[in-house]
>>> print(open('structure.cif').read())   # mmCIF, C-alpha atoms
data_work
loop_
_atom_site.label_atom_id
_atom_site.label_comp_id
_atom_site.auth_asym_id
_atom_site.auth_seq_id
_atom_site.Cartn_x
_atom_site.Cartn_y
_atom_site.Cartn_z
CA MET A 174 0.00 0.00 0.00
CA ASN A 175 1.84 3.11 -1.17
CA ARG A 176 1.02 6.80 -0.94
CA THR A 177 -0.26 7.09 -4.51
CA ASN A 178 -2.85 4.34 -3.98
CA ILE A 179 -4.12 6.00 -0.81
CA ASP A 180 -4.30 9.38 -2.55
CA VAL A 181 -6.21 7.94 -5.53
CA LEU A 182 -8.59 6.18 -3.14
CA PHE A 183 -9.05 9.47 -1.25
CA HIS A 184 -9.89 11.31 -4.50
CA LEU A 185 -12.38 8.61 -5.53
CA LEU A 186 -14.03 8.77 -2.10
CA LEU A 187 -14.28 12.56 -2.47
CA ILE A 188 -15.98 12.10 -5.87
CA VAL A 189 -18.51 9.80 -4.15
CA ILE A 190 -19.04 12.03 -1.12
CA ILE A 191 -19.23 15.48 -2.77
CA PRO A 192 -22.63 14.97 -4.51
CA MET A 193 -24.11 13.97 -1.13
CA ILE A 194 -23.16 17.20 0.67
CA ASP A 195 -26.29 19.30 0.95
CA ASN A 196 -24.80 22.12 3.00
CA THR A 197 -23.38 25.13 1.13
CA MET A 198 -20.97 26.01 3.93
CA ALA A 199 -19.55 22.47 4.13
CA LEU A 200 -19.22 22.37 0.33
CA CYS A 201 -17.33 25.69 0.33
CA CYS A 202 -14.98 24.38 3.07
CA ILE A 203 -14.24 21.20 1.15
CA ALA A 204 -13.75 23.20 -2.08
CA SER A 205 -11.23 25.47 -0.32
CA VAL A 206 -9.30 22.50 1.10
CA VAL A 207 -9.30 20.69 -2.26
CA LEU A 208 -8.09 23.77 -4.16
CA LEU A 209 -5.44 24.43 -1.51
CA LEU A 210 -4.20 20.84 -1.77
CA PHE A 211 -4.12 21.01 -5.57
CA GLY A 212 -2.28 24.34 -5.36
CA MET A 213 0.27 22.79 -2.98
CA LYS A 214 0.74 19.92 -5.42
CA GLY A 215 1.71 22.47 -8.07
CA LEU A 216 -1.32 22.11 -10.32
CA SER A 217 -2.41 25.16 -12.30
CA LEU A 218 -5.71 26.06 -10.64
CA ILE A 219 -6.80 28.39 -13.46
CA LYS A 220 -6.31 25.67 -16.09
CA LEU A 221 -8.08 23.18 -13.82
CA MET A 222 -11.08 25.45 -13.29
CA VAL A 223 -11.37 26.41 -16.98
CA GLU A 224 -11.29 22.74 -18.01
CA SER A 225 -13.76 21.74 -15.32
CA VAL A 226 -16.24 24.50 -16.19
CA GLY A 227 -16.00 23.45 -19.86
CA ILE A 228 -16.75 19.82 -18.96
CA MET A 229 -19.60 20.87 -16.69
CA VAL A 230 -21.20 22.96 -19.43
CA LEU A 231 -20.80 20.09 -21.89
CA PHE A 232 -22.19 17.32 -19.68
CA GLY A 233 -24.03 18.56 -16.62
CA GLY A 234 -25.12 22.09 -17.53
CA PHE A 235 -28.52 21.07 -18.81
CA PHE A 236 -29.23 18.91 -15.74
CA VAL A 237 -28.26 21.76 -13.38
CA LEU A 238 -30.50 24.21 -15.26
CA ILE A 239 -33.49 21.85 -15.02
CA PHE A 240 -32.74 21.22 -11.33
CA ALA A 241 -32.55 24.98 -10.67
CA PHE A 242 -35.80 25.54 -12.57
CA GLN A 243 -37.58 22.88 -10.47
CA ASN A 244 -36.06 23.55 -7.04
CA GLY A 245 -35.09 27.23 -7.05
CA MET A 246 -31.86 29.11 -7.67
CA ALA A 247 -30.25 28.32 -4.30
CA MET A 248 -30.61 24.55 -4.74
CA GLY A 249 -29.52 24.86 -8.39
CA ALA A 250 -26.38 26.72 -7.31
CA LEU A 251 -25.65 24.05 -4.68
CA LYS A 252 -26.11 21.26 -7.26
CA GLY A 253 -23.90 23.16 -9.72
CA GLY A 254 -21.26 23.60 -7.02
CA GLN A 255 -21.33 19.88 -6.15
CA LEU A 256 -20.98 18.93 -9.80
CA LEU A 257 -18.16 21.41 -10.47
CA LEU A 258 -16.19 20.37 -7.37
CA ALA A 259 -16.52 16.66 -8.25
CA ILE A 260 -15.27 17.40 -11.78
CA VAL A 261 -12.36 19.45 -10.36
CA VAL A 262 -11.36 16.50 -8.13
CA GLY A 263 -11.57 14.08 -11.10
CA ARG A 264 -9.56 16.39 -13.37
CA GLY A 265 -7.02 17.03 -10.62
CA LEU A 266 -6.54 13.27 -10.26
CA VAL A 267 -5.94 12.83 -13.99
CA GLN A 268 -3.63 15.88 -14.21
CA TYR A 269 -1.48 15.08 -11.17
CA TYR A 270 -0.90 11.37 -11.66
CA SER A 271 0.42 9.69 -14.76
CA LEU A 272 -1.83 7.12 -16.40
CA THR A 273 0.59 4.36 -15.33
CA GLN A 274 0.23 5.41 -11.68
CA LEU A 275 -3.55 5.59 -12.05
CA LYS A 276 -3.57 2.14 -13.63
CA GLN A 277 -1.54 0.67 -10.77
CA SER A 278 -3.86 2.25 -8.22
CA LEU A 279 -7.02 1.01 -9.95
CA LEU A 280 -5.51 -2.48 -10.14
CA TRP A 281 -4.73 -2.21 -6.42
CA LEU A 282 -8.42 -1.38 -5.91
CA LYS A 283 -9.18 -4.74 -7.64
CA VAL A 284 -10.72 -3.21 -10.76
CA PRO A 285 -10.40 -5.86 -13.53
CA GLU A 286 -7.29 -5.31 -15.67
CA VAL A 287 -9.16 -5.40 -18.99
CA LEU A 288 -11.49 -2.60 -17.85
CA VAL A 289 -8.56 -0.56 -16.51
CA ASP A 290 -6.67 -0.94 -19.80
CA ILE A 291 -9.69 0.14 -21.84
CA MET A 292 -10.28 3.12 -19.52
CA MET A 293 -6.65 4.20 -19.73
CA THR A 294 -6.69 4.02 -23.54
CA ILE A 295 -9.90 6.05 -23.58
CA MET A 296 -8.36 8.70 -21.31
CA THR A 297 -5.22 8.81 -23.47
CA TYR A 298 -6.81 9.14 -26.88
CA TYR A 299 -10.22 10.76 -26.54
CA ARG A 300 -8.76 14.25 -26.92
CA ILE A 301 -7.03 13.37 -30.18
CA LEU A 302 -10.15 11.67 -31.50
CA LEU A 303 -12.32 14.57 -30.36
CA LYS A 304 -10.10 16.95 -32.31
CA GLU A 305 -10.43 14.81 -35.43
CA GLY A 306 -14.15 14.50 -34.77
CA ARG A 307 -14.52 18.30 -34.61
CA THR A 308 -12.77 18.58 -37.98
CA LEU A 309 -15.29 16.08 -39.32
CA VAL A 310 -18.19 18.11 -37.88
CA GLY A 311 -16.80 21.13 -39.79
CA ILE A 312 -16.64 19.10 -43.00
CA TYR A 313 -20.19 17.88 -42.35
CA ARG A 314 -21.43 21.46 -42.02
CA VAL A 315 -19.83 22.38 -45.36
CA ARG A 316 -21.20 19.30 -47.08
CA THR A 317 -24.74 19.82 -45.84
CA LEU A 318 -24.91 23.55 -46.52
CA GLN A 319 -27.31 23.03 -49.39
CA LEU A 320 -29.55 20.76 -47.30
CA SER A 321 -32.12 22.67 -45.31
CA GLY A 322 -35.25 21.93 -43.29
CA THR A 323 -36.49 18.57 -42.14
CA ALA A 324 -37.17 17.20 -45.64
CA ASN A 325 -33.53 16.20 -46.02
CA ILE A 326 -33.09 14.51 -42.65
CA LEU A 327 -32.27 11.15 -44.23
CA ASP A 328 -29.66 12.80 -46.45
CA ARG A 329 -28.15 14.49 -43.42
CA LEU A 330 -28.10 11.22 -41.46
CA ARG A 331 -26.50 9.47 -44.44
CA VAL A 332 -23.71 12.08 -44.45
CA VAL A 333 -23.30 11.94 -40.64
CA GLY A 334 -23.34 8.12 -40.64
CA GLY A 335 -20.68 8.03 -43.36
CA MET A 336 -18.59 10.48 -41.39
CA ILE A 337 -18.87 8.45 -38.20
CA GLY A 338 -17.68 5.48 -40.27
CA SER A 339 -14.71 7.53 -41.55
CA PHE A 340 -14.07 8.70 -38.00
CA TYR A 341 -13.85 5.08 -36.85
CA MET A 342 -11.47 4.20 -39.66
CA LYS A 343 -9.26 7.15 -38.73
CA SER A 344 -9.28 5.91 -35.12
CA GLU A 345 -8.30 2.47 -36.32
CA SER A 346 -5.42 3.76 -38.44
CA ARG A 347 -4.30 5.81 -35.44
CA ALA A 348 -4.40 2.61 -33.36
CA GLU A 349 -2.11 0.99 -35.92
CA LYS A 350 0.31 3.91 -35.57
CA VAL A 351 0.19 3.61 -31.77
CA ILE A 352 0.99 -0.09 -32.02
CA MET A 353 3.91 0.63 -34.38
CA ALA A 354 5.25 3.37 -32.08
CA ARG A 355 5.04 1.10 -29.03
CA LYS A 356 6.73 -1.71 -30.94
CA ILE A 357 9.57 0.64 -31.89
CA ARG A 358 9.92 1.70 -28.25
CA GLY A 359 10.08 -1.99 -27.34
CA GLU A 360 6.94 -1.88 -25.20
CA LEU A 361 5.19 -4.66 -27.17
CA MET B 1434 -30.01 8.96 -20.42
CA HIS B 1435 -27.32 9.17 -17.72
CA ILE B 1436 -28.96 9.00 -14.29
CA PRO B 1437 -27.49 11.48 -11.75
CA ASN B 1438 -26.87 10.82 -8.03
CA GLY B 1439 -29.79 10.72 -5.65
CA LEU B 1440 -32.52 9.95 -8.19
CA LEU B 1441 -32.82 6.20 -7.69
CA SER B 1442 -33.85 4.47 -4.47
CA VAL B 1443 -31.31 2.33 -2.61
CA GLY B 1444 -33.11 -0.90 -3.59
CA VAL B 1445 -33.10 -0.05 -7.30
CA SER B 1446 -29.47 1.13 -7.19
CA VAL B 1447 -28.33 -2.07 -5.46
CA SER B 1448 -30.35 -4.44 -7.66
CA THR B 1449 -29.32 -2.78 -10.95
CA GLY B 1450 -25.74 -2.72 -9.65
CA ALA B 1451 -25.90 -6.46 -8.95
CA ILE B 1452 -27.26 -7.20 -12.45
CA SER B 1453 -24.55 -5.03 -14.01
CA VAL B 1454 -21.78 -6.68 -11.97
CA ALA B 1455 -23.06 -10.12 -13.05
CA SER B 1456 -23.27 -9.09 -16.72
CA VAL B 1457 -19.86 -7.41 -16.80
CA GLY B 1458 -18.40 -10.39 -14.90
CA ALA B 1459 -19.80 -12.76 -17.52
CA ALA B 1460 -18.41 -10.54 -20.31
CA LEU B 1461 -14.99 -10.49 -18.59
CA LYS B 1462 -15.02 -14.28 -18.35
CA LYS B 1463 -15.82 -14.64 -22.04
CA THR B 1464 -13.19 -12.14 -23.15
CA THR B 1465 -9.76 -13.50 -23.84
CA ILE B 1466 -7.24 -10.96 -25.01
CA THR B 1467 -4.03 -12.67 -25.97
CA GLU B 1468 -2.25 -9.82 -27.74
CA ASN B 1469 -1.57 -6.26 -26.64
CA ARG B 1470 -2.55 -5.30 -30.18
CA ASP B 1471 -6.15 -6.42 -29.53
CA MET B 1472 -6.20 -4.49 -26.28
CA ILE B 1473 -5.14 -1.27 -27.98
CA ARG B 1474 -7.73 -1.77 -30.73
CA ILE B 1475 -10.51 -2.34 -28.17
CA GLY B 1476 -9.34 0.74 -26.26
CA MET B 1477 -9.36 2.82 -29.42
CA VAL B 1478 -12.93 1.73 -30.20
CA GLY B 1479 -13.79 2.80 -26.64
CA ALA B 1480 -12.12 6.18 -27.16
CA PHE B 1481 -13.91 6.48 -30.50
CA ILE B 1482 -17.33 5.81 -28.95
CA PHE B 1483 -16.51 8.17 -26.09
CA ALA B 1484 -15.54 10.95 -28.51
CA ALA B 1485 -18.47 10.17 -30.84
CA GLN B 1486 -20.88 10.57 -27.90
CA MET B 1487 -19.48 14.04 -27.24
CA LEU B 1488 -20.07 15.26 -30.79
CA ASN B 1489 -23.52 16.62 -31.45
CA PHE B 1490 -24.70 16.95 -35.02
CA PRO B 1491 -27.52 19.32 -35.95
CA VAL B 1492 -30.13 17.03 -37.53
CA GLY B 1493 -33.13 19.30 -37.93
CA PRO B 1494 -34.17 22.79 -36.86
CA GLY B 1495 -33.22 23.05 -33.18
CA VAL B 1496 -32.60 19.32 -32.88
CA SER B 1497 -29.20 17.71 -32.55
CA GLY B 1498 -28.28 14.09 -32.07
CA HIS B 1499 -25.34 11.95 -31.09
CA LEU B 1500 -24.54 8.29 -31.26
CA ILE B 1501 -24.93 6.11 -28.14
CA GLY B 1502 -22.96 3.43 -29.89
CA GLY B 1503 -24.21 0.18 -28.31
CA VAL B 1504 -25.05 -1.55 -31.59
CA LEU B 1505 -21.97 -0.11 -33.29
CA ALA B 1506 -19.80 -1.54 -30.49
CA LEU B 1507 -21.59 -4.87 -30.92
CA LEU B 1508 -20.95 -4.87 -34.68
CA LEU B 1509 -17.30 -3.89 -34.35
CA LEU B 1510 -16.28 -5.99 -31.35
CA GLY B 1511 -18.93 -8.59 -30.58
CA ARG B 1512 -21.06 -9.01 -27.48
CA ALA B 1513 -18.61 -9.52 -24.62
CA LYS B 1514 -16.01 -6.97 -25.72
CA GLY B 1515 -18.79 -4.57 -26.67
CA ILE B 1516 -20.22 -4.70 -23.14
CA LEU B 1517 -16.75 -4.12 -21.66
CA VAL B 1518 -16.05 -1.15 -23.91
CA MET B 1519 -19.42 0.48 -23.21
CA THR B 1520 -18.96 -0.17 -19.47
CA SER B 1521 -15.54 1.52 -19.55
CA VAL B 1522 -17.01 4.50 -21.40
CA VAL B 1523 -19.78 4.87 -18.79
CA ILE B 1524 -17.28 4.56 -15.90
CA CYS B 1525 -14.97 7.20 -17.45
CA GLN B 1526 -17.91 9.55 -18.02
CA CYS B 1527 -19.01 9.05 -14.43
CA LEU B 1528 -15.63 9.33 -12.68
CA PHE B 1529 -13.87 12.02 -14.67
CA PHE B 1530 -16.73 14.00 -16.22
CA GLN B 1531 -19.51 13.56 -13.62
CA ASP B 1532 -21.88 12.52 -16.41
CA GLY B 1533 -24.12 10.16 -14.43
CA GLY B 1534 -23.84 9.62 -10.68
CA LEU B 1535 -21.61 7.12 -8.94
CA THR B 1536 -24.51 5.78 -6.86
CA ALA B 1537 -26.41 5.17 -10.12
CA LEU B 1538 -23.41 3.66 -11.91
CA GLY B 1539 -24.92 0.16 -11.87
CA ALA B 1540 -28.15 1.44 -13.43
CA ASN B 1541 -26.22 3.48 -16.02
CA ILE B 1542 -24.09 0.48 -16.98
CA LEU B 1543 -27.23 -1.63 -17.25
CA ASN B 1544 -29.05 0.96 -19.37
CA LEU B 1545 -26.21 2.11 -21.59
CA ALA B 1546 -23.94 -0.92 -21.89
CA VAL B 1547 -25.74 -4.18 -21.14
CA ILE B 1548 -29.29 -3.61 -22.41
CA PRO B 1549 -28.39 -1.97 -25.78
CA ILE B 1550 -25.92 -4.71 -26.65
CA VAL B 1551 -28.11 -7.60 -25.52
CA THR B 1552 -31.18 -6.12 -27.28
CA GLY B 1553 -29.12 -5.33 -30.37
CA SER B 1554 -27.73 -8.84 -30.56
CA LEU B 1555 -31.21 -10.36 -30.12
CA ALA B 1556 -32.68 -8.04 -32.77
CA LEU B 1557 -29.91 -8.81 -35.23
CA GLY B 1558 -29.95 -12.54 -34.57
CA TRP B 1559 -26.26 -12.19 -33.71
CA GLN B 1560 -25.21 -15.81 -34.34
CA LYS B 1561 -26.46 -15.70 -37.93
CA PHE B 1562 -25.65 -12.06 -38.57
CA GLY B 1563 -22.06 -12.44 -37.37
CA LYS B 1564 -21.43 -15.09 -40.04
CA ARG B 1565 -22.45 -12.83 -42.91
CA MET B 1566 -21.02 -9.54 -41.68
CA ASN B 1567 -19.35 -8.82 -45.02
CA GLU B 1568 -22.73 -8.53 -46.70
CA ALA B 1569 -23.75 -5.81 -44.28
CA ASP B 1570 -24.08 -3.21 -47.03
CA THR B 1571 -27.15 -4.92 -48.51
CA ALA B 1572 -30.42 -3.06 -48.00
CA PHE B 1573 -31.81 -5.87 -45.81
CA SER B 1574 -28.82 -5.86 -43.48
CA MET B 1575 -28.94 -2.07 -43.32
CA LEU B 1576 -32.58 -2.28 -42.27
CA GLN B 1577 -31.71 -4.95 -39.69
CA ILE B 1578 -28.97 -2.76 -38.20
CA CYS B 1579 -31.30 0.23 -38.20
CA GLY B 1580 -34.01 -1.81 -36.42
CA ALA B 1581 -31.49 -3.12 -33.89
CA GLY B 1582 -30.33 0.46 -33.15
CA LEU B 1583 -33.93 1.60 -32.68
CA LEU B 1584 -34.84 -1.33 -30.43
CA SER B 1585 -31.71 -0.96 -28.33
CA VAL B 1586 -32.51 2.67 -27.54
CA ILE B 1587 -36.19 1.91 -26.85
CA ALA B 1588 -35.25 -0.98 -24.53
CA SER B 1589 -32.80 1.23 -22.62
CA ALA B 1590 -35.37 4.01 -22.26
CA PHE B 1591 -38.00 1.50 -21.09
CA ALA B 1592 -35.59 0.11 -18.48
CA LEU B 1593 -34.95 3.67 -17.30
CA CYS B 1594 -38.72 4.29 -16.97
CA ILE B 1595 -39.08 1.13 -14.84
CA GLN B 1596 -36.16 2.18 -12.62
CA LEU B 1597 -37.55 5.70 -12.14
CA ALA B 1598 -41.04 4.37 -11.38
CA LEU B 1599 -39.73 1.74 -8.92
CA SER B 1600 -37.73 4.47 -7.16
CA GLY B 1601 -40.90 6.53 -6.79
CA VAL B 1602 -39.53 9.49 -8.77
CA VAL B 1603 -42.37 9.65 -11.29
CA PRO B 1604 -45.42 7.43 -11.92
CA PHE B 1605 -44.79 4.80 -14.61
CA MET B 1606 -47.85 5.80 -16.68
CA ILE B 1607 -46.72 9.42 -16.87
CA VAL B 1608 -43.03 8.97 -17.63
CA THR B 1609 -43.28 6.06 -20.08
CA PRO B 1610 -45.28 7.64 -22.96
CA LEU B 1611 -43.12 10.77 -22.84
CA MET B 1612 -39.84 8.85 -22.76
CA MET B 1613 -41.01 6.41 -25.43
CA PHE B 1614 -42.02 9.20 -27.82
CA TRP B 1615 -38.65 10.95 -27.66
CA HIS B 1616 -36.63 7.76 -27.64
CA VAL B 1617 -38.36 6.37 -30.71
CA VAL B 1618 -37.14 9.49 -32.52
CA ILE B 1619 -33.65 9.21 -30.97
CA GLY B 1620 -33.61 5.46 -31.68
CA LEU B 1621 -34.49 6.00 -35.33
CA ILE B 1622 -31.65 8.51 -35.67
CA GLU B 1623 -29.29 6.14 -33.83
CA GLY B 1624 -30.34 3.21 -36.03
CA VAL B 1625 -29.91 5.09 -39.31
CA LEU B 1626 -26.56 6.57 -38.18
CA THR B 1627 -25.29 3.15 -37.10
CA ALA B 1628 -26.36 1.54 -40.38
CA PHE B 1629 -24.69 4.21 -42.53
CA ALA B 1630 -21.59 4.27 -40.33
CA TYR B 1631 -21.24 0.51 -40.48
CA ARG B 1632 -21.79 0.48 -44.24
CA ARG B 1633 -18.95 2.98 -44.62
CA ILE B 1634 -16.66 0.94 -42.36
CA ASN B 1635 -17.49 -2.29 -44.15
CA VAL B 1636 -16.95 -1.12 -47.75
CA PRO B 1637 -13.45 -2.23 -48.87
CA VAL B 1638 -12.94 0.83 -51.14
CA TYR B 1639 -13.28 3.21 -48.20
CA ARG B 1640 -11.07 0.99 -46.05
CA GLN B 1641 -8.32 1.15 -48.65
CA ALA B 1642 -8.70 4.91 -48.97
CA ALA B 1643 -8.44 5.37 -45.20
CA SER B 1644 -5.34 3.22 -44.86
CA SER B 1645 -3.60 5.00 -47.73
#
>>> encode(input="structure.cif", output="structure tokens")
Amino acid sequence: MNRTNIDVLFHLLLIVIIPMIDNTMALCCIASVVLLLFGMKGLSLIKLMVESVGIMVLFGGFFVLIFAFQNGMAMGALKGGQLLLAIVVGRGLVQYYSLTQLKQSLLWLKVPEVLVDIMMTIMTYYRILLKEGRTLVGIYRVRTLQLSGTANILDRLRVVGGMIGSFYMKSESRAEKVIMARKIRGEL
Amino acid sequence: MHIPNGLLSVGVSVSTGAISVASVGAALKKTTITENRDMIRIGMVGAFIFAAQMLNFPVGPGVSGHLIGGVLALLLLGRAKGILVMTSVVICQCLFFQDGGLTALGANILNLAVIPIVTGSLALGWQKFGKRMNEADTAFSMLQICGAGLLSVIASAFALCIQLALSGVVPFMIVTPLMMFWHVVIGLIEGVLTAFAYRRINVPVYRQAASS
């Protein structure tokens, strides 16, 4: 049992506990401690916050808005705070530790190796694939400029489907390159 | 479709968690990865599905859609590996992006990984379909894939309705028609996207072009 494993376990426990904290004061205290710890570890807090807010808008923003609409602004703000802090903790974990260290810790936590390997590959390559995907979305917009309204939905889906297919093939060719690179480095 | 923390009752969370653990355990038992090469390829498909889920395409006025990817994972990797890849995607979304709560992780894995792939494989008649995968660009196969995509989304949405009703969040008769209406539309989009995507992947000319 080394320090990294304990720290990873602590972060994961925080991710579990944070959404259960229903007290604004307690949440603010935990947020301060977490940010202080991350600052002491040398992580760039501005970068961390910008990334986390981006992820929150992308994934949880809609849920928080609906929650705020149903339960009032104060509860919405609390829910948003919980979500943002949990994302900050998750991002901090990924930024501070290398994927190899994370893998070792998850294996220590008895997560099956196959799942850990898949998760680590996802965490390594999703950014690259997302970048390629965004390029494809741009190409899609250009290709479907002349299509308008709902009458051409099938045409649009045909173009999108084809692009998702191309996207997969690009991912596959990238996988081949990764395999080659790792072979050259003697890792395989 | 991702269920956040605190929405499901303890009983529903525990029971869906148990079903998910059993299903993923069975998938792990059936999966044998002998080469690192296979592992990287499976991981890349996972990263691809993860990234594809993040990309929203405008489909109609004010409506955008994205792929869930259950049937696509089934077609590209098979049942067991497909379940593992979708499970990993859901876990990553939950842990590092807070998309779906940790207490509802079992339900999310059941709804987004196990049910779509099992339903998709049943709808496709996986044993027979797997043997004639190369003919997947025929109109009949395209329709089959489209139907499987639609059914997988409907089955997931129906499971979600049952879980919400059992947890006492909303009455079953109120939530089901609403969810079914929207998810038939989403399922149709998913089915058509999956069919066209798979046709593109399966056509040798495109494969050659991509590799060159």
>>> interface_residues(input="structure.cif", of="chain A", to="chain B", cutoff="6 Å", atoms="all atoms listed in the file", output="PDB file with C-alpha atoms, keeping the file's coordinate frame")
ATOM      1  CA  PHE A 232     -22.190  17.320 -19.680  1.00  0.00           C
ATOM      2  CA  ILE A 260     -15.270  17.400 -11.780  1.00  0.00           C
ATOM      3  CA  GLY A 263     -11.570  14.080 -11.100  1.00  0.00           C
ATOM      4  CA  ILE A 291      -9.690   0.140 -21.840  1.00  0.00           C
ATOM      5  CA  MET A 292     -10.280   3.120 -19.520  1.00  0.00           C
ATOM      6  CA  THR A 294      -6.690   4.020 -23.540  1.00  0.00           C
ATOM      7  CA  ILE A 295      -9.900   6.050 -23.580  1.00  0.00           C
ATOM      8  CA  TYR A 299     -10.220  10.760 -26.540  1.00  0.00           C
ATOM      9  CA  LEU A 303     -12.320  14.570 -30.360  1.00  0.00           C
ATOM     10  CA  THR A 323     -36.490  18.570 -42.140  1.00  0.00           C
ATOM     11  CA  LEU A 330     -28.100  11.220 -41.460  1.00  0.00           C
ATOM     12  CA  ARG A 331     -26.500   9.470 -44.440  1.00  0.00           C
ATOM     13  CA  GLY A 334     -23.340   8.120 -40.640  1.00  0.00           C
ATOM     14  CA  GLY A 335     -20.680   8.030 -43.360  1.00  0.00           C
ATOM     15  CA  ILE A 337     -18.870   8.450 -38.200  1.00  0.00           C
ATOM     16  CA  GLY A 338     -17.680   5.480 -40.270  1.00  0.00           C
TER      17      GLY A 338
END
>>> residues_around(input="structure.cif", residues="Val1603 (chain B)", least_positions_apart="6", cutoff="12 Å", atoms="only C-alpha atoms", output="mmCIF file with C-alpha atoms, keeping the file's coordinate frame")
data_model
loop_
_atom_site.group_PDB
_atom_site.id
_atom_site.type_symbol
_atom_site.label_atom_id
_atom_site.label_comp_id
_atom_site.auth_asym_id
_atom_site.auth_seq_id
_atom_site.Cartn_x
_atom_site.Cartn_y
_atom_site.Cartn_z
ATOM 1 C CA LEU B 1440 -32.520 9.950 -8.190
ATOM 2 C CA LEU B 1441 -32.820 6.200 -7.690
ATOM 3 C CA LEU B 1593 -34.950 3.670 -17.300
ATOM 4 C CA CYS B 1594 -38.720 4.290 -16.970
ATOM 5 C CA ILE B 1595 -39.080 1.130 -14.840
ATOM 6 C CA GLN B 1596 -36.160 2.180 -12.620
ATOM 7 C CA LEU B 1597 -37.550 5.700 -12.140
ATOM 8 C CA THR B 1609 -43.280 6.060 -20.080
ATOM 9 C CA LEU B 1611 -43.120 10.770 -22.840
ATOM 10 C CA MET B 1612 -39.840 8.850 -22.760
#
>>> closest_residue(input="structure.cif", among="A:Ser217, A:Gln255, A:Gln268, A:Thr308", to="Met296 (chain A)", atoms="only C-alpha atoms")
A:Gln268
>>> closest_residue(input="structure.cif", among="B:Val1617, B:Leu1510, B:Val1547, B:Ile1542", to="Ala1590 (chain B)", atoms="all atoms listed in the file")
B:Val1617
>>> residues_around(input="structure.cif", residues="His184 (chain A)", least_positions_apart="5", cutoff="9 Å", atoms="only C-alpha atoms", output="PyMOL selection string")
chain A and resi 179+189+262-263+265-266
>>> atom_distance(input="structure.cif", atom1="CA of Trp281 (chain A)", atom2="CA of Met222 (chain A)")
29.2 Å
>>> atom_distance(input="structure.cif", atom1="CA of Val332 (chain A)", atom2="CA of Phe1573 (chain B)")
19.7 Å
>>> resolve_selection(input="structure.cif", expression="the PyMOL selection byres ((chain A and resi 276-280) around 8)", output="PyMOL selection string")
chain A and resi 177-178+181-182+272-275+281-286+289-290+293
>>> write_last_selection(input="structure.cif", atoms="C-alpha atoms", output="PDB file, keeping the file's coordinate frame")
ATOM      1  CA  THR A 177      -0.260   7.090  -4.510  1.00  0.00           C
ATOM      2  CA  ASN A 178      -2.850   4.340  -3.980  1.00  0.00           C
ATOM      3  CA  VAL A 181      -6.210   7.940  -5.530  1.00  0.00           C
ATOM      4  CA  LEU A 182      -8.590   6.180  -3.140  1.00  0.00           C
ATOM      5  CA  LEU A 272      -1.830   7.120 -16.400  1.00  0.00           C
ATOM      6  CA  THR A 273       0.590   4.360 -15.330  1.00  0.00           C
ATOM      7  CA  GLN A 274       0.230   5.410 -11.680  1.00  0.00           C
ATOM      8  CA  LEU A 275      -3.550   5.590 -12.050  1.00  0.00           C
ATOM      9  CA  TRP A 281      -4.730  -2.210  -6.420  1.00  0.00           C
ATOM     10  CA  LEU A 282      -8.420  -1.380  -5.910  1.00  0.00           C
ATOM     11  CA  LYS A 283      -9.180  -4.740  -7.640  1.00  0.00           C
ATOM     12  CA  VAL A 284     -10.720  -3.210 -10.760  1.00  0.00           C
ATOM     13  CA  PRO A 285     -10.400  -5.860 -13.530  1.00  0.00           C
ATOM     14  CA  GLU A 286      -7.290  -5.310 -15.670  1.00  0.00           C
ATOM     15  CA  VAL A 289      -8.560  -0.560 -16.510  1.00  0.00           C
ATOM     16  CA  ASP A 290      -6.670  -0.940 -19.800  1.00  0.00           C
ATOM     17  CA  MET A 293      -6.650   4.200 -19.730  1.00  0.00           C
TER      18      MET A 293
END
>>> atom_distance(input="structure.cif", atom1="CA of Gly1558 (chain B)", atom2="CA of Ile1578 (chain B)")
10.5 Å
>>> closest_residue(input="structure.cif", among="A:Leu257, A:Leu302, A:Leu185, A:Ile190", to="Gly227 (chain A)", atoms="only C-alpha atoms")
A:Leu257
>>> resolve_selection(input="structure.cif", expression="the PyMOL selection byres ((chain B and resi 1444) around 12)", output="MDAnalysis selection string")
chainID B and resid 1440:1443 1445:1451 1536:1537 1539:1540 1596:1597 1599:1601
>>> write_last_selection(input="structure.cif", atoms="C-alpha atoms", output="short mmCIF file (atom, residue, chain, number, x, y, z; two decimals), in the coordinates of the input")
data_model
loop_
_atom_site.label_atom_id
_atom_site.label_comp_id
_atom_site.auth_asym_id
_atom_site.auth_seq_id
_atom_site.Cartn_x
_atom_site.Cartn_y
_atom_site.Cartn_z
CA LEU B 1440 -32.52 9.95 -8.19
CA LEU B 1441 -32.82 6.20 -7.69
CA SER B 1442 -33.85 4.47 -4.47
CA VAL B 1443 -31.31 2.33 -2.61
CA VAL B 1445 -33.10 -0.05 -7.30
CA SER B 1446 -29.47 1.13 -7.19
CA VAL B 1447 -28.33 -2.07 -5.46
CA SER B 1448 -30.35 -4.44 -7.66
CA THR B 1449 -29.32 -2.78 -10.95
CA GLY B 1450 -25.74 -2.72 -9.65
CA ALA B 1451 -25.90 -6.46 -8.95
CA THR B 1536 -24.51 5.78 -6.86
CA ALA B 1537 -26.41 5.17 -10.12
CA GLY B 1539 -24.92 0.16 -11.87
CA ALA B 1540 -28.15 1.44 -13.43
CA GLN B 1596 -36.16 2.18 -12.62
CA LEU B 1597 -37.55 5.70 -12.14
CA LEU B 1599 -39.73 1.74 -8.92
CA SER B 1600 -37.73 4.47 -7.16
CA GLY B 1601 -40.90 6.53 -6.79
#
>>> residues_around(input="structure.cif", residues="Gly1580 (chain B)", least_positions_apart="4", cutoff="9 Å", atoms="all atoms listed in the file", output="list in words")
Gly1553, Ala1556, Leu1557, Met1575, Leu1576, Leu1584, Ser1585, Gly1620, Leu1621, Gly1624 and Val1625 of chain B
